[in-house]
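Peer 1: entry.txt is the file, holding compact mmCIF, C-alpha atoms and all ligand atoms:
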# COMPACT_ATOMS: atom_id res chain seq x y z
CA MET A 1 102.65 73.78 126.21
CA ASP A 2 105.79 73.18 124.13
CA TRP A 3 108.03 76.16 123.41
CA GLY A 4 107.20 76.22 119.69
CA LEU A 5 103.47 76.14 120.27
CA GLN A 6 103.73 78.75 122.99
CA ASN A 7 105.86 80.96 120.78
CA ARG A 8 103.38 80.71 117.90
CA MET A 9 100.48 81.51 120.24
CA SER A 10 102.36 84.54 121.54
CA ARG A 11 102.68 85.84 118.00
CA ILE A 12 98.87 85.86 117.70
CA VAL A 13 97.88 86.88 121.22
CA ARG A 14 100.09 89.74 122.37
CA PRO A 15 101.90 88.69 125.57
CA GLU A 16 101.80 92.27 126.95
CA ASP A 17 98.03 92.25 127.39
CA GLY A 18 96.82 88.79 126.37
CA ARG A 19 94.70 90.28 123.59
CA THR A 20 94.57 90.20 119.81
CA VAL A 21 93.20 91.99 116.76
CA MET A 22 93.15 89.48 113.95
CA LEU A 23 92.11 90.57 110.49
CA ALA A 24 89.93 87.98 108.71
CA VAL A 25 90.22 87.91 104.93
CA ASP A 26 89.49 84.22 104.28
CA HIS A 27 85.92 84.77 103.08
CA GLY A 28 86.66 83.93 99.41
CA TYR A 29 87.13 80.26 100.25
CA PHE A 30 83.37 79.79 100.07
CA LEU A 31 81.98 83.25 99.16
CA GLY A 32 84.21 83.99 96.16
CA PRO A 33 84.93 87.69 95.46
CA THR A 34 83.17 89.17 98.48
CA HIS A 35 82.24 92.88 98.37
CA ARG A 36 85.37 94.98 99.00
CA LEU A 37 87.56 91.89 99.06
CA GLU A 38 87.47 91.50 95.27
CA ASN A 39 91.14 92.40 95.09
CA PRO A 40 92.62 90.90 98.27
CA ARG A 41 96.00 92.63 97.94
CA ALA A 42 94.36 96.05 97.73
CA THR A 43 92.17 95.30 100.76
CA ILE A 44 94.89 93.77 102.91
CA ALA A 45 97.88 96.08 102.26
CA PRO A 46 96.68 99.22 104.09
CA LEU A 47 95.29 97.19 107.03
CA LEU A 48 98.31 94.94 107.52
CA PRO A 49 100.26 97.29 109.83
CA PHE A 50 97.29 97.49 112.23
CA ALA A 51 96.55 93.77 112.59
CA ASP A 52 98.25 91.45 115.08
CA ALA A 53 97.67 88.47 112.77
CA ILE A 54 95.92 87.75 109.48
CA MET A 55 93.52 84.87 108.79
CA LEU A 56 93.53 83.79 105.18
CA THR A 57 93.80 80.90 102.73
CA ARG A 58 96.99 79.72 101.08
CA GLY A 59 95.80 81.11 97.74
CA VAL A 60 95.44 84.64 99.04
CA LEU A 61 98.63 84.37 101.09
CA ARG A 62 100.70 83.34 98.06
CA THR A 63 99.20 85.84 95.64
CA SER A 64 98.33 88.83 97.73
CA VAL A 65 100.70 89.26 100.66
CA ASP A 66 104.32 90.34 100.39
CA PRO A 67 106.49 87.48 101.75
CA GLY A 68 108.73 90.09 103.37
CA THR A 69 106.05 90.81 105.99
CA ASP A 70 106.67 89.91 109.62
CA LYS A 71 102.93 89.59 110.38
CA PRO A 72 101.90 86.15 111.62
CA MET A 73 99.59 84.25 109.29
CA VAL A 74 96.78 81.99 110.46
CA LEU A 75 95.99 79.66 107.62
CA ARG A 76 92.43 78.54 106.94
CA VAL A 77 92.76 74.87 106.08
CA SER A 78 89.11 73.78 105.78
CA GLY A 79 86.73 74.18 102.86
CA GLY A 80 85.08 72.24 100.06
CA THR A 81 81.65 73.89 99.82
CA SER A 82 80.50 77.11 98.13
CA VAL A 83 77.82 79.59 99.03
CA LEU A 84 75.70 78.11 96.21
CA GLN A 85 74.92 75.14 98.44
CA GLU A 86 72.09 75.41 100.95
CA ASP A 87 74.12 73.45 103.50
CA LEU A 88 77.61 74.88 104.04
CA SER A 89 78.70 72.29 106.57
CA HIS A 90 80.20 69.80 104.12
CA GLU A 91 83.82 70.82 104.69
CA THR A 92 86.99 68.83 104.81
CA ILE A 93 90.65 69.60 105.47
CA THR A 94 91.83 71.19 102.24
CA THR A 95 95.37 72.26 103.12
CA SER A 96 97.97 70.02 104.74
CA VAL A 97 99.97 70.74 107.87
CA LYS A 98 103.09 70.35 105.70
CA GLU A 99 101.85 73.21 103.53
CA ALA A 100 101.16 75.30 106.63
CA LEU A 101 104.76 74.73 107.73
CA ARG A 102 106.06 75.57 104.25
CA LEU A 103 104.08 78.82 104.35
CA ASN A 104 105.42 79.57 107.83
CA ALA A 105 101.91 79.82 109.30
CA VAL A 106 101.67 80.41 113.05
CA ALA A 107 98.37 78.54 113.33
CA VAL A 108 95.83 76.65 111.26
CA ALA A 109 92.09 77.33 111.31
CA LEU A 110 89.13 75.10 110.60
CA SER A 111 85.35 75.41 110.98
CA ILE A 112 83.13 73.06 112.91
CA PHE A 113 79.40 73.01 112.24
CA VAL A 114 77.70 71.86 115.43
CA GLY A 115 74.11 70.75 114.85
CA ALA A 116 74.46 70.82 111.06
CA ARG A 117 74.17 67.93 108.63
CA HIS A 118 77.93 67.36 108.57
CA GLU A 119 78.55 68.00 112.26
CA HIS A 120 80.31 64.64 112.72
CA GLU A 121 82.77 65.07 109.84
CA SER A 122 83.62 68.63 110.89
CA ILE A 123 84.37 67.64 114.50
CA VAL A 124 86.42 64.65 113.38
CA ASN A 125 88.29 66.96 110.97
CA LEU A 126 89.12 69.17 113.95
CA SER A 127 90.44 66.23 115.96
CA HIS A 128 92.60 64.98 113.10
CA LEU A 129 93.96 68.45 112.49
CA VAL A 130 94.81 68.90 116.18
CA ASN A 131 96.56 65.50 116.24
CA GLU A 132 98.73 66.39 113.28
CA ALA A 133 99.33 70.10 113.82
CA GLU A 134 100.33 69.68 117.47
CA GLU A 135 103.03 67.22 116.46
CA TYR A 136 104.75 70.23 114.93
CA GLY A 137 103.80 72.73 117.61
CA ILE A 138 101.17 74.43 115.48
CA PRO A 139 98.06 75.60 117.36
CA VAL A 140 94.61 75.03 115.87
CA LEU A 141 91.99 77.77 115.85
CA SER A 142 88.47 76.40 115.54
CA VAL A 143 85.65 78.51 114.14
CA THR A 144 82.15 77.71 115.39
CA ALA A 145 80.51 78.23 112.01
CA VAL A 146 76.76 78.52 111.54
CA GLY A 147 76.58 78.50 107.74
CA LYS A 148 73.54 80.41 106.55
CA GLU A 149 71.70 79.93 109.83
CA LEU A 150 72.80 83.18 111.46
CA GLU A 151 69.90 82.97 113.90
CA LYS A 152 71.71 80.10 115.63
CA ARG A 153 73.97 82.66 117.32
CA ASP A 154 72.65 82.53 120.88
CA ALA A 155 74.42 81.78 124.14
CA ARG A 156 73.04 78.27 124.50
CA TYR A 157 74.13 77.16 121.04
CA LEU A 158 77.47 78.99 121.04
CA SER A 159 78.36 77.64 124.50
CA LEU A 160 77.79 74.14 123.17
CA ALA A 161 79.80 74.72 119.99
CA CYS A 162 82.71 76.52 121.70
CA ARG A 163 82.99 73.92 124.42
CA ILE A 164 83.03 71.13 121.84
CA ALA A 165 85.79 72.92 119.90
CA ALA A 166 87.88 73.32 123.07
CA GLU A 167 87.28 69.72 124.18
CA HIS A 168 88.62 68.48 120.84
CA GLY A 169 91.85 70.38 121.27
CA ALA A 170 91.44 73.83 119.70
CA ARG A 171 93.87 76.26 121.37
CA LEU A 172 91.80 79.27 120.32
CA VAL A 173 88.09 79.40 119.47
CA LYS A 174 86.49 81.92 117.18
CA THR A 175 82.80 82.45 117.65
CA TYR A 176 80.13 85.14 117.50
CA TYR A 177 79.06 87.71 120.02
CA CYS A 178 75.55 87.16 121.41
CA ASP A 179 73.32 88.23 124.31
CA SER A 180 74.72 86.77 127.57
CA PHE A 181 78.07 86.19 125.88
CA HIS A 182 79.65 85.86 129.32
CA LYS A 183 78.01 82.42 129.58
CA VAL A 184 79.82 81.31 126.42
CA ALA A 185 83.14 82.66 127.72
CA GLU A 186 82.72 81.17 131.20
CA SER A 187 82.12 77.67 129.89
CA CYS A 188 84.92 77.63 127.32
CA PRO A 189 88.30 76.66 128.81
CA VAL A 190 90.35 78.19 125.96
CA PRO A 191 90.56 81.83 124.83
CA LEU A 192 87.72 83.13 122.68
CA ILE A 193 87.83 85.66 119.89
CA ILE A 194 84.82 86.97 118.02
CA ALA A 195 84.05 87.29 114.33
CA GLY A 196 82.18 90.39 113.29
CA GLY A 197 79.64 88.61 111.10
CA PRO A 198 77.88 90.46 108.25
CA LYS A 199 78.38 94.22 108.27
CA LEU A 200 76.31 95.83 111.02
CA GLU A 201 74.14 98.87 110.40
CA THR A 202 76.71 101.31 111.79
CA GLU A 203 80.39 101.23 112.65
CA PHE A 204 79.41 102.29 116.16
CA ASP A 205 77.51 98.98 116.48
CA ALA A 206 80.67 97.02 115.60
CA LEU A 207 82.70 99.01 118.13
CA GLN A 208 80.07 98.44 120.79
CA MET A 209 80.00 94.72 120.03
CA THR A 210 83.80 94.53 120.31
CA HIS A 211 83.74 96.38 123.60
CA ASP A 212 80.96 94.21 125.05
CA ALA A 213 82.62 90.98 123.94
CA LEU A 214 85.85 91.95 125.70
CA GLU A 215 83.99 93.03 128.83
CA GLU A 216 82.29 89.64 128.87
CA GLY A 217 85.42 87.51 128.44
CA ALA A 218 86.64 87.49 124.82
CA ILE A 219 90.35 88.17 124.34
CA GLY A 220 89.95 89.91 121.00
CA VAL A 221 88.50 89.81 117.54
CA ASP A 222 89.08 88.06 114.25
CA MET A 223 87.11 90.55 112.22
CA GLY A 224 86.58 90.99 108.50
CA ARG A 225 83.57 92.66 106.91
CA ASN A 226 82.92 95.19 109.67
CA ILE A 227 86.43 96.49 109.03
CA TRP A 228 87.07 96.28 105.29
CA GLN A 229 83.51 96.95 104.16
CA SER A 230 83.64 100.27 106.04
CA ASP A 231 84.21 103.36 103.90
CA PHE A 232 87.05 104.06 106.32
CA PRO A 233 88.70 100.66 106.88
CA VAL A 234 91.98 101.91 108.35
CA PRO A 235 90.38 104.27 110.90
CA MET A 236 87.96 101.43 111.68
CA ILE A 237 90.70 98.92 112.50
CA ARG A 238 92.53 101.61 114.50
CA ALA A 239 89.33 102.19 116.49
CA ILE A 240 88.97 98.44 117.10
CA ARG A 241 92.63 98.29 118.22
CA ALA A 242 92.03 101.12 120.66
CA ILE A 243 89.25 99.13 122.32
CA VAL A 244 91.15 95.85 122.35
CA HIS A 245 94.63 97.03 123.29
CA GLU A 246 94.22 100.44 124.85
CA LYS A 247 91.03 99.84 126.82
CA ALA A 248 89.36 102.73 124.96
CA THR A 249 85.67 103.31 125.57
CA VAL A 250 83.30 102.98 122.62
CA LYS A 251 83.01 106.76 122.58
CA GLU A 252 86.79 107.22 122.47
CA ALA A 253 87.12 104.64 119.70
CA ALA A 254 84.28 106.25 117.75
CA GLY A 255 86.20 109.51 118.13
CA ILE A 256 89.16 108.05 116.19
CA LEU A 257 86.81 107.13 113.39
CA GLY A 258 84.89 110.41 113.56
CA GLU A 259 88.08 112.45 113.35
CA ALA A 260 89.24 110.57 110.27
CA LYS A 261 85.83 110.97 108.62
CA ALA A 262 85.72 114.69 109.39
CA LYS A 263 89.12 115.12 107.70
CA GLY A 264 88.11 112.78 104.87
CA SER A 265 91.26 110.87 105.81
CA LYS A 266 91.47 107.18 105.01
CA ARG A 267 94.41 106.70 107.40
C1 LIG B 1 84.11 82.38 107.90
C2 LIG B 1 85.14 82.99 108.74
C3 LIG B 1 85.43 84.44 108.60
O1 LIG B 1 86.80 84.62 108.72
C4 LIG B 1 84.71 85.12 109.72
O2 LIG B 1 83.36 85.08 109.50
C5 LIG B 1 85.27 86.51 110.12
O3 LIG B 1 84.88 87.47 109.32
P1 LIG B 1 83.65 88.43 109.60
O4 LIG B 1 84.09 89.35 110.71
O5 LIG B 1 83.50 89.12 108.29
O6 LIG B 1 82.47 87.60 110.01
O7 LIG B 1 85.75 82.34 109.56
O8 LIG B 1 83.74 81.15 108.43
Can you turn what I pasted into structure tokens?
Peer 2:
Amino acid sequence: MDWGLQNRMSRIVRPEDGRTVMLAVDHGYFLGPTHRLENPRATIAPLLPFADAIMLTRGVLRTSVDPGTDKPMVLRVSGGTSVLQEDLSHETITTSVKEALRLNAVAVALSIFVGARHEHESIVNLSHLVNEAEEYGIPVLSVTAVGKELEKRDARYLSLACRIAAEHGARLVKTYYCDSFHKVAESCPVPLIIAGGPKLETEFDALQMTHDALEEGAIGVDMGRNIWQSDFPVPMIRAIRAIVHEKATVKEAAGILGEAKAKGSKR
């Protein structure tokens, strides 16, 4: 790995423990003003100090993040379809590598849609992005997206999708947690991080999922809704951090959240 690429990777995945807590706030690129992300600046600002890296679009980066920040930015560079379409797989590369460099991004991110109508285009998009981004030492994070078909999230499907992402040159793969997640992790030769998916019934469930994913081979999370749709987003990201970076048990992490709730503290 070239020095530049290695250096960018080390800004996302902390070299001390090989783990990461990424905060995902890119949802607006196809969902529009998602619940509790209506005002991105207001959502991001209090969470920024607790994230290792932020995943977002250029529009939100330019308008809603202070350029004085030293947090590494992972730029979503795919899009082209809205939630109004039944099939969300019709994406293309929407933001150039030049723009990513101009914005000082540490990585670029793109979704692939394995098994969907536009599977071919999305995988070819990934390959083209890897070809170009790696020329400049920029790692590509590939998201194994499932569109509206959330039921696709099982070990057989996710193993296929993650392996395809890695084979095409992604340096980091973002996928979903599922039963037998260890099978997905074991067959993917690059580090895996998990999305949270739609908000789970309880915060405890999201903490448990994070814990289990790490136990089974993930190196961290790139989580959005299960953090910022919580009534206590800062304590929630602190609890997630405790699991990822401090090897906290689910009970210990839930304690961080419980304490904040008991005090009515949003910190
Ligand atoms: C959409 C994405 C989102 O960033 C991803 O889903 C993470 O957010 P959440 O934890 O809310 O699922 O990549 O394709």
Peer 1: As a short mmCIF file (atom, residue, chain, number, x, y, z; two decimals) with C-alpha atoms, in the frame of the given file, please: the residues near region 23-35 of chain A (cut-off 10 Å, only C-alpha atoms, same-chain neighbours under 2 positions excluded).
Peer 2:
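Wrote it out as result.cif, contents follow:
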data_model
loop_
_atom_site.label_atom_id
_atom_site.label_comp_id
_atom_site.auth_asym_id
_atom_site.auth_seq_id
_atom_site.Cartn_x
_atom_site.Cartn_y
_atom_site.Cartn_z
CA THR A 20 94.57 90.20 119.81
CA VAL A 21 93.20 91.99 116.76
CA LEU A 37 87.56 91.89 99.06
CA GLU A 38 87.47 91.50 95.27
CA ASN A 39 91.14 92.40 95.09
CA PRO A 40 92.62 90.90 98.27
CA THR A 43 92.17 95.30 100.76
CA ILE A 44 94.89 93.77 102.91
CA LEU A 47 95.29 97.19 107.03
CA LEU A 48 98.31 94.94 107.52
CA PHE A 50 97.29 97.49 112.23
CA ALA A 51 96.55 93.77 112.59
CA ASP A 52 98.25 91.45 115.08
CA ALA A 53 97.67 88.47 112.77
CA ILE A 54 95.92 87.75 109.48
CA MET A 55 93.52 84.87 108.79
CA LEU A 56 93.53 83.79 105.18
CA THR A 57 93.80 80.90 102.73
CA ARG A 58 96.99 79.72 101.08
CA GLY A 59 95.80 81.11 97.74
CA VAL A 60 95.44 84.64 99.04
CA LEU A 61 98.63 84.37 101.09
CA MET A 73 99.59 84.25 109.29
CA VAL A 74 96.78 81.99 110.46
CA LEU A 75 95.99 79.66 107.62
CA ARG A 76 92.43 78.54 106.94
CA VAL A 77 92.76 74.87 106.08
CA SER A 78 89.11 73.78 105.78
CA GLY A 79 86.73 74.18 102.86
CA GLY A 80 85.08 72.24 100.06
CA THR A 81 81.65 73.89 99.82
CA SER A 82 80.50 77.11 98.13
CA VAL A 83 77.82 79.59 99.03
CA LEU A 84 75.70 78.11 96.21
CA GLN A 85 74.92 75.14 98.44
CA LEU A 88 77.61 74.88 104.04
CA ALA A 195 84.05 87.29 114.33
CA GLY A 196 82.18 90.39 113.29
CA VAL A 221 88.50 89.81 117.54
CA ASP A 222 89.08 88.06 114.25
CA MET A 223 87.11 90.55 112.22
CA GLY A 224 86.58 90.99 108.50
CA ARG A 225 83.57 92.66 106.91
CA ILE A 227 86.43 96.49 109.03
CA TRP A 228 87.07 96.28 105.29
CA GLN A 229 83.51 96.95 104.16
CA ILE A 237 90.70 98.92 112.50
#
Peer 1: Give the answer as one residue: which of A:Leu150, A:Ala253, A:Ile243, A:Met9 has the shortest atom-to-atom distance to ligand LIG 1 (chain B), using only C-alpha atoms and all ligand atoms?
Peer 2: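 Of A:Leu150, A:Ala253, A:Ile243, A:Met9, the one nearest ligand LIG 1 (chain B) is A:Leu150, counting only C-alpha atoms and all ligand atoms.
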Peer 1: A:Ser180, A:Thr249, A:Ser159, A:Thr144: which is nearest ligand LIG 1 (chain B), counting all atoms listed in the file?
Peer 2: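 Answer, going by the shortest atom-to-atom distance: A:Thr144.
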Peer 1: Please write out, as AutoDock Vina command-line options, where the centre of an axis-aligned box around all listed atoms of region 161-167 of chain A lies and how long its edges are, in Å to one decimal, after adding 5 Å on each side.
Peer 2:
--center_x 83.8 --center_y 73.1 --center_z 122.2 --size_x 18.1 --size_y 16.8 --size_z 14.5
Peer 1: Counting all atoms listed in the file, which of A:Ile12, A:Leu110, A:Ile194, A:Ala213 gets nearest to Asn226 (chain A)?
Peer 2: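 Of all the options, A:Ile194 lies closest to Asn226 (chain A).
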Peer 1: To one decimal place, how far is CA of Leu5 (chain A) from CA of Leu129 (chain A) in Å?
Peer 2: 14.5 Å
Peer 1: Do a neighbour search on Phe181 (chain A) at 12 Å with all atoms listed in the file, toss out local chain neighbours closer than 4 positions, and write the hits as a list in words.
Peer 2: Arg153, Asp154, Ala155, Arg156, Tyr157, Leu158, Ser159, Cys162, Thr175, Tyr176, Tyr177, Ala185, Glu186, Ser187, Cys188, Leu192, Ile193, Ile194, Met209, Thr210, His211, Asp212, Ala213, Leu214, Glu215, Glu216, Gly217 and Ala218 of chain A
Peer 1: Could you dump the residues just selected with C-alpha atoms as a PDB file, in the coordinates of the input?
Peer 2:
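Done, and the output landed in out09.pdb:
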ATOM      1  CA  ARG A 153      73.970  82.660 117.320  1.00  0.00           C
ATOM      2  CA  ASP A 154      72.650  82.530 120.880  1.00  0.00           C
ATOM      3  CA  ALA A 155      74.420  81.780 124.140  1.00  0.00           C
ATOM      4  CA  ARG A 156      73.040  78.270 124.500  1.00  0.00           C
ATOM      5  CA  TYR A 157      74.130  77.160 121.040  1.00  0.00           C
ATOM      6  CA  LEU A 158      77.470  78.990 121.040  1.00  0.00           C
ATOM      7  CA  SER A 159      78.360  77.640 124.500  1.00  0.00           C
ATOM      8  CA  CYS A 162      82.710  76.520 121.700  1.00  0.00           C
ATOM      9  CA  THR A 175      82.800  82.450 117.650  1.00  0.00           C
ATOM     10  CA  TYR A 176      80.130  85.140 117.500  1.00  0.00           C
ATOM     11  CA  TYR A 177      79.060  87.710 120.020  1.00  0.00           C
ATOM     12  CA  ALA A 185      83.140  82.660 127.720  1.00  0.00           C
ATOM     13  CA  GLU A 186      82.720  81.170 131.200  1.00  0.00           C
ATOM     14  CA  SER A 187      82.120  77.670 129.890  1.00  0.00           C
ATOM     15  CA  CYS A 188      84.920  77.630 127.320  1.00  0.00           C
ATOM     16  CA  LEU A 192      87.720  83.130 122.680  1.00  0.00           C
ATOM     17  CA  ILE A 193      87.830  85.660 119.890  1.00  0.00           C
ATOM     18  CA  ILE A 194      84.820  86.970 118.020  1.00  0.00           C
ATOM     19  CA  MET A 209      80.000  94.720 120.030  1.00  0.00           C
ATOM     20  CA  THR A 210      83.800  94.530 120.310  1.00  0.00           C
ATOM     21  CA  HIS A 211      83.740  96.380 123.600  1.00  0.00           C
ATOM     22  CA  ASP A 212      80.960  94.210 125.050  1.00  0.00           C
ATOM     23  CA  ALA A 213      82.620  90.980 123.940  1.00  0.00           C
ATOM     24  CA  LEU A 214      85.850  91.950 125.700  1.00  0.00           C
ATOM     25  CA  GLU A 215      83.990  93.030 128.830  1.00  0.00           C
ATOM     26  CA  GLU A 216      82.290  89.640 128.870  1.00  0.00           C
ATOM     27  CA  GLY A 217      85.420  87.510 128.440  1.00  0.00           C
ATOM     28  CA  ALA A 218      86.640  87.490 124.820  1.00  0.00           C
TER      29      ALA A 218
END
Peer 1: Could you give me, as number ranges by chain, the residues within 10 Å of Lys266 (chain A), counting all atoms listed in the file and dropping anything in the same chain fewer than 5 positions from it?
Peer 2: A: 46, 231-236, 257, 260-261
Peer 1: What is the CA of Glu16 (chain A)-CA of Arg171 (chain A) distance in Å, reported with one decimal?
Peer 2: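 That distance, rounded to one decimal, is 18.7 Å.
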Peer 1: Record the distance separating CA of Arg117 (chain A) and atom P1 of ligand LIG 1 (chain B), expressed in Å with one decimal.
Peer 2: 22.6 Å
Peer 1: Excluding Asn7 (chain A) and residues on its chain fewer than 4 positions from it, collect all residues at most 12 Å away from it, counting all atoms listed in the file, and give them as JSON, numbers by chain.
Peer 2: {"A": [1, 2, 3, 11, 12, 13, 14, 15, 72, 106, 107, 137, 138, 139]}
Peer 1: Considering all atoms listed in the file, return as a tab-separated table (two decimals) with C-alpha atoms, in the frame of the given file whatever protein or nucleic-acid residues lie within 8 Å of His168 (chain A), sequence-local ones (same chain, fewer than 4 positions apart) excluded.
Peer 2:
chain	number	residue	atom	x	y	z
A	123	ILE	CA	84.37	67.64	114.50
A	126	LEU	CA	89.12	69.17	113.95
A	127	SER	CA	90.44	66.23	115.96
A	130	VAL	CA	94.81	68.90	116.18
A	164	ILE	CA	83.03	71.13	121.84
Peer 1: Which of these, A:Ala170, A:Leu103, A:Cys178, A:Leu200, has the shortest distance to ligand LIG 1 (chain B) once you count only C-alpha atoms and all ligand atoms?
Peer 2: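 Counting only C-alpha atoms and all ligand atoms, the residue closest to ligand LIG 1 (chain B) is A:Leu200.
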Peer 1: Which is closest to ligand LIG 1 (chain B) among A:Glu91, A:Glu132, A:Glu119, A:Glu252, if we use all atoms listed in the file?
Peer 2: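 For ligand LIG 1 (chain B), the nearest of the given residues is A:Glu91.
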Peer 1: Closest to Ser142 (chain A) among A:Val184, A:Val190, A:Gly4, A:Ala116, using all atoms listed in the file?
Peer 2: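 So, comparing all the options, the nearest one is A:Val190.
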